[in-house]
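First up is the structure itself, then whatever we jot down about it.
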Amino acid sequence: MKTNQIINLTLLAFFAFGFMSCEKEIDVKYNSKESKLVIEAEFDAYKQVNSVKITKTIGITNNNVFPLVSGAKVTIVSNDGYFEELQETESGIYQTKSFVGKAGSNYLLKVYYDGKTYEARSIMPTHVALDTLLLAPLQLANMKVVSILPVFKDPAGEKNYYSFVRYLNGTK
């Protein structure tokens with residue numbers, strides 16, 4: 001090894017160890033904002049009972065307990081004339097009774113709360129059948145993990161987004 005390389009590596013190691021030992025307490029200032037409504041809607045063409053959860057945001061220093069919102073009026077309307085007002089089944093949870101979604105139909109979700117109206121539009125996507133699940137073993141540091149890889153045929157000409165939710169012994 002050349003003398004320049006040895007000097008460069010020594011300096012690099014010195015600075016790396018020097019920066020790792022530095023500590024400085026930083027006081028982060030943030031602006032507290034007014035609480036906002038959070039609307040989580042999950043509609044599935046294969047379930048008649050679908051739900052909407054409504055909560056409010058909290059401050060950054062609060063515990064992760066988001067207040068549930070009661071008393072909202074929640075409706076769903078489709079472009080083919082379907083209309084349903086969701087019922088509040090428990091605090092902040094609103095559910096359908098007879099919703100059966102159809103692929104390609106356009107849906108409008110409306111939430112009326114505290115004098116304001118919130119709207120979201122979506123088209124029910126075409127069902128994409130799962131073909132196979134592959135298990136792929138991976139080595140992460142000194143841990144062995146198994147990754148699950150879904151295999152399916154994506155419909156041509158459609159823009160799709162997929163979300164896979166994993167459960168272990170019934171727990172999300």
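So you can find residues: chains in the structure tokens are A, B, ... in the order shown, residues in each start at 1, and ligands are numbered from 1 in order.
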
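Close contacts of A:Arg166, defined as residues with an atom at most 12 Å away when counting only C-alpha atoms, with chain neighbours fewer than 4 positions off set aside, comprise Ser147, Ile148, Leu149, Pro150, Gly170, Thr171 and Lys172 of chain A.
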
- Task: Would you return as a list in words the members of stretch 25-91 of chain A that DSSP assigns to strand (DSSP E or B) on this structure's backbone?
- Result: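 The strand (DSSP E or B) subset of stretch 25-91 of chain A is Leu37, Val38, Ile39, Glu40, Ala41, Glu42, Ser51, Val52, Lys53, Ile54, Thr55, Lys56, Leu68, Lys73, Val74, Thr75, Ile76, Val77, Ser78, Phe83, Glu84, Glu85, Gln87, Glu88, Thr89 and Glu90 of chain A.
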
Would you export the selected residues with N, CA and C atoms as a CSV table (one decimal), in the first residue's frame, please?
chain,number,residue,atom,x,y,z
A,37,LEU,N,-59.4,16.6,10.2
A,37,LEU,CA,-60.1,15.3,10.1
A,37,LEU,C,-59.3,14.3,9.2
A,38,VAL,N,-59.3,13.0,9.7
A,38,VAL,CA,-58.7,12.0,8.9
A,38,VAL,C,-59.8,11.0,8.6
A,39,ILE,N,-60.0,10.7,7.3
A,39,ILE,CA,-61.1,9.8,6.9
A,39,ILE,C,-60.4,8.6,6.2
A,40,GLU,N,-60.6,7.4,6.8
A,40,GLU,CA,-60.1,6.2,6.2
A,40,GLU,C,-61.3,5.3,5.7
A,41,ALA,N,-61.3,5.1,4.4
A,41,ALA,CA,-62.4,4.4,3.8
A,41,ALA,C,-61.9,3.1,3.2
A,42,GLU,N,-62.5,2.0,3.4
A,42,GLU,CA,-62.1,0.7,2.8
A,42,GLU,C,-63.3,0.0,2.2
A,51,SER,N,-66.5,-0.3,5.7
A,51,SER,CA,-66.4,0.7,6.8
A,51,SER,C,-65.6,1.9,6.4
A,52,VAL,N,-65.9,3.0,7.2
A,52,VAL,CA,-65.2,4.3,7.1
A,52,VAL,C,-64.9,4.6,8.6
A,53,LYS,N,-63.6,5.0,8.8
A,53,LYS,CA,-63.2,5.3,10.1
A,53,LYS,C,-62.8,6.8,10.1
A,54,ILE,N,-63.3,7.6,11.0
A,54,ILE,CA,-63.1,9.0,11.1
A,54,ILE,C,-62.4,9.4,12.4
A,55,THR,N,-61.2,10.0,12.3
A,55,THR,CA,-60.5,10.4,13.5
A,55,THR,C,-60.0,11.8,13.3
A,56,LYS,N,-59.3,12.4,14.3
A,56,LYS,CA,-58.7,13.7,14.2
A,56,LYS,C,-57.2,13.6,14.4
A,68,LEU,N,-61.6,9.6,18.0
A,68,LEU,CA,-62.6,9.2,17.1
A,68,LEU,C,-63.7,10.3,16.9
A,73,LYS,N,-72.2,12.6,9.0
A,73,LYS,CA,-73.1,12.0,8.1
A,73,LYS,C,-72.2,11.5,6.9
A,74,VAL,N,-72.3,10.2,6.6
A,74,VAL,CA,-71.4,9.6,5.6
A,74,VAL,C,-72.3,8.9,4.6
A,75,THR,N,-72.1,9.2,3.3
A,75,THR,CA,-72.9,8.6,2.2
A,75,THR,C,-71.9,8.1,1.1
A,76,ILE,N,-72.4,7.1,0.4
A,76,ILE,CA,-71.7,6.7,-0.8
A,76,ILE,C,-72.8,6.6,-1.9
A,77,VAL,N,-72.3,7.1,-3.1
A,77,VAL,CA,-73.2,7.2,-4.3
A,77,VAL,C,-72.4,6.7,-5.5
A,78,SER,N,-73.1,5.9,-6.3
A,78,SER,CA,-72.4,5.4,-7.5
A,78,SER,C,-72.9,6.1,-8.8
A,83,PHE,N,-77.2,4.5,-3.8
A,83,PHE,CA,-77.0,5.4,-2.7
A,83,PHE,C,-77.2,4.7,-1.4
A,84,GLU,N,-76.3,5.0,-0.5
A,84,GLU,CA,-76.5,4.5,0.9
A,84,GLU,C,-75.9,5.5,1.9
A,85,GLU,N,-76.6,5.7,3.0
A,85,GLU,CA,-76.1,6.4,4.1
A,85,GLU,C,-75.5,5.4,5.1
A,87,GLN,N,-74.2,3.8,8.6
A,87,GLN,CA,-74.6,4.0,10.0
A,87,GLN,C,-73.4,3.9,10.9
A,88,GLU,N,-73.4,4.8,11.9
A,88,GLU,CA,-72.4,4.8,12.9
A,88,GLU,C,-72.6,3.6,13.8
A,89,THR,N,-71.7,2.6,13.7
A,89,THR,CA,-71.9,1.4,14.5
A,89,THR,C,-71.2,1.4,15.9
A,90,GLU,N,-70.2,2.2,16.0
A,90,GLU,CA,-69.5,2.6,17.2
A,90,GLU,C,-68.8,3.9,17.0

- Determine, counting only C-alpha atoms, which protein, DNA and RNA residues have an atom within 7 Å of an atom of A:Val151; residues of the same chain fewer than 4 positions away are not included. Present the result as a list in words. Leu130, Asp131, Thr132 and Leu133 of chain A

Selection file, N, CA and C atoms, as a short mmCIF file (atom, residue, chain, number, x, y, z; two decimals), in the first residue's frame:
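Output saved as again_1.cif:
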data_model
loop_
_atom_site.label_atom_id
_atom_site.label_comp_id
_atom_site.auth_asym_id
_atom_site.auth_seq_id
_atom_site.Cartn_x
_atom_site.Cartn_y
_atom_site.Cartn_z
N LEU A 130 -55.00 -13.66 -7.53
CA LEU A 130 -53.67 -14.07 -7.09
C LEU A 130 -53.40 -15.45 -7.67
N ASP A 131 -52.27 -15.59 -8.34
CA ASP A 131 -51.92 -16.86 -8.99
C ASP A 131 -51.13 -17.75 -8.04
N THR A 132 -50.07 -17.21 -7.47
CA THR A 132 -49.16 -18.00 -6.66
C THR A 132 -48.53 -17.13 -5.58
N LEU A 133 -48.16 -17.75 -4.47
CA LEU A 133 -47.35 -17.08 -3.45
C LEU A 133 -46.01 -17.78 -3.39
#

- Item | Pick from A:Asn79, A:Ser91, A:Ser70, A:Thr10 nearest to A:Gly104, counting only C-alpha atoms |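 Ranked by minimum distance to A:Gly104, first place goes to A:Asn79.
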
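Interatomic distance, atom CA of A:Ser98 against atom CA of A:Phe43: 11.8 Å.
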
- Query: Just how far from atom CA of A:Asp80 is atom CA of A:Ala156, in Å to one decimal?
  - Reply: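 Here the two named atoms are 25.1 Å from each other.
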
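Note that the spacing between atom CA of A:Tyr46 and atom CA of A:Val100 amounts to 7.0 Å.
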
- Message: I'd like the neighbourhood of A:Tyr113 as a list of chain:residue names, where a residue qualifies if any of its atoms comes within 8 Å (using only C-alpha atoms), though same-chain residues fewer than 4 positions away should be ignored.
- Response: A:Gly71, A:Ala72, A:Lys73, A:Thr117

- Item | Among the residues A:Asn169, A:Asn106, A:Thr126, A:Asn142, the one that comes closest to A:Gly157 [using only C-alpha atoms] | A:Thr126
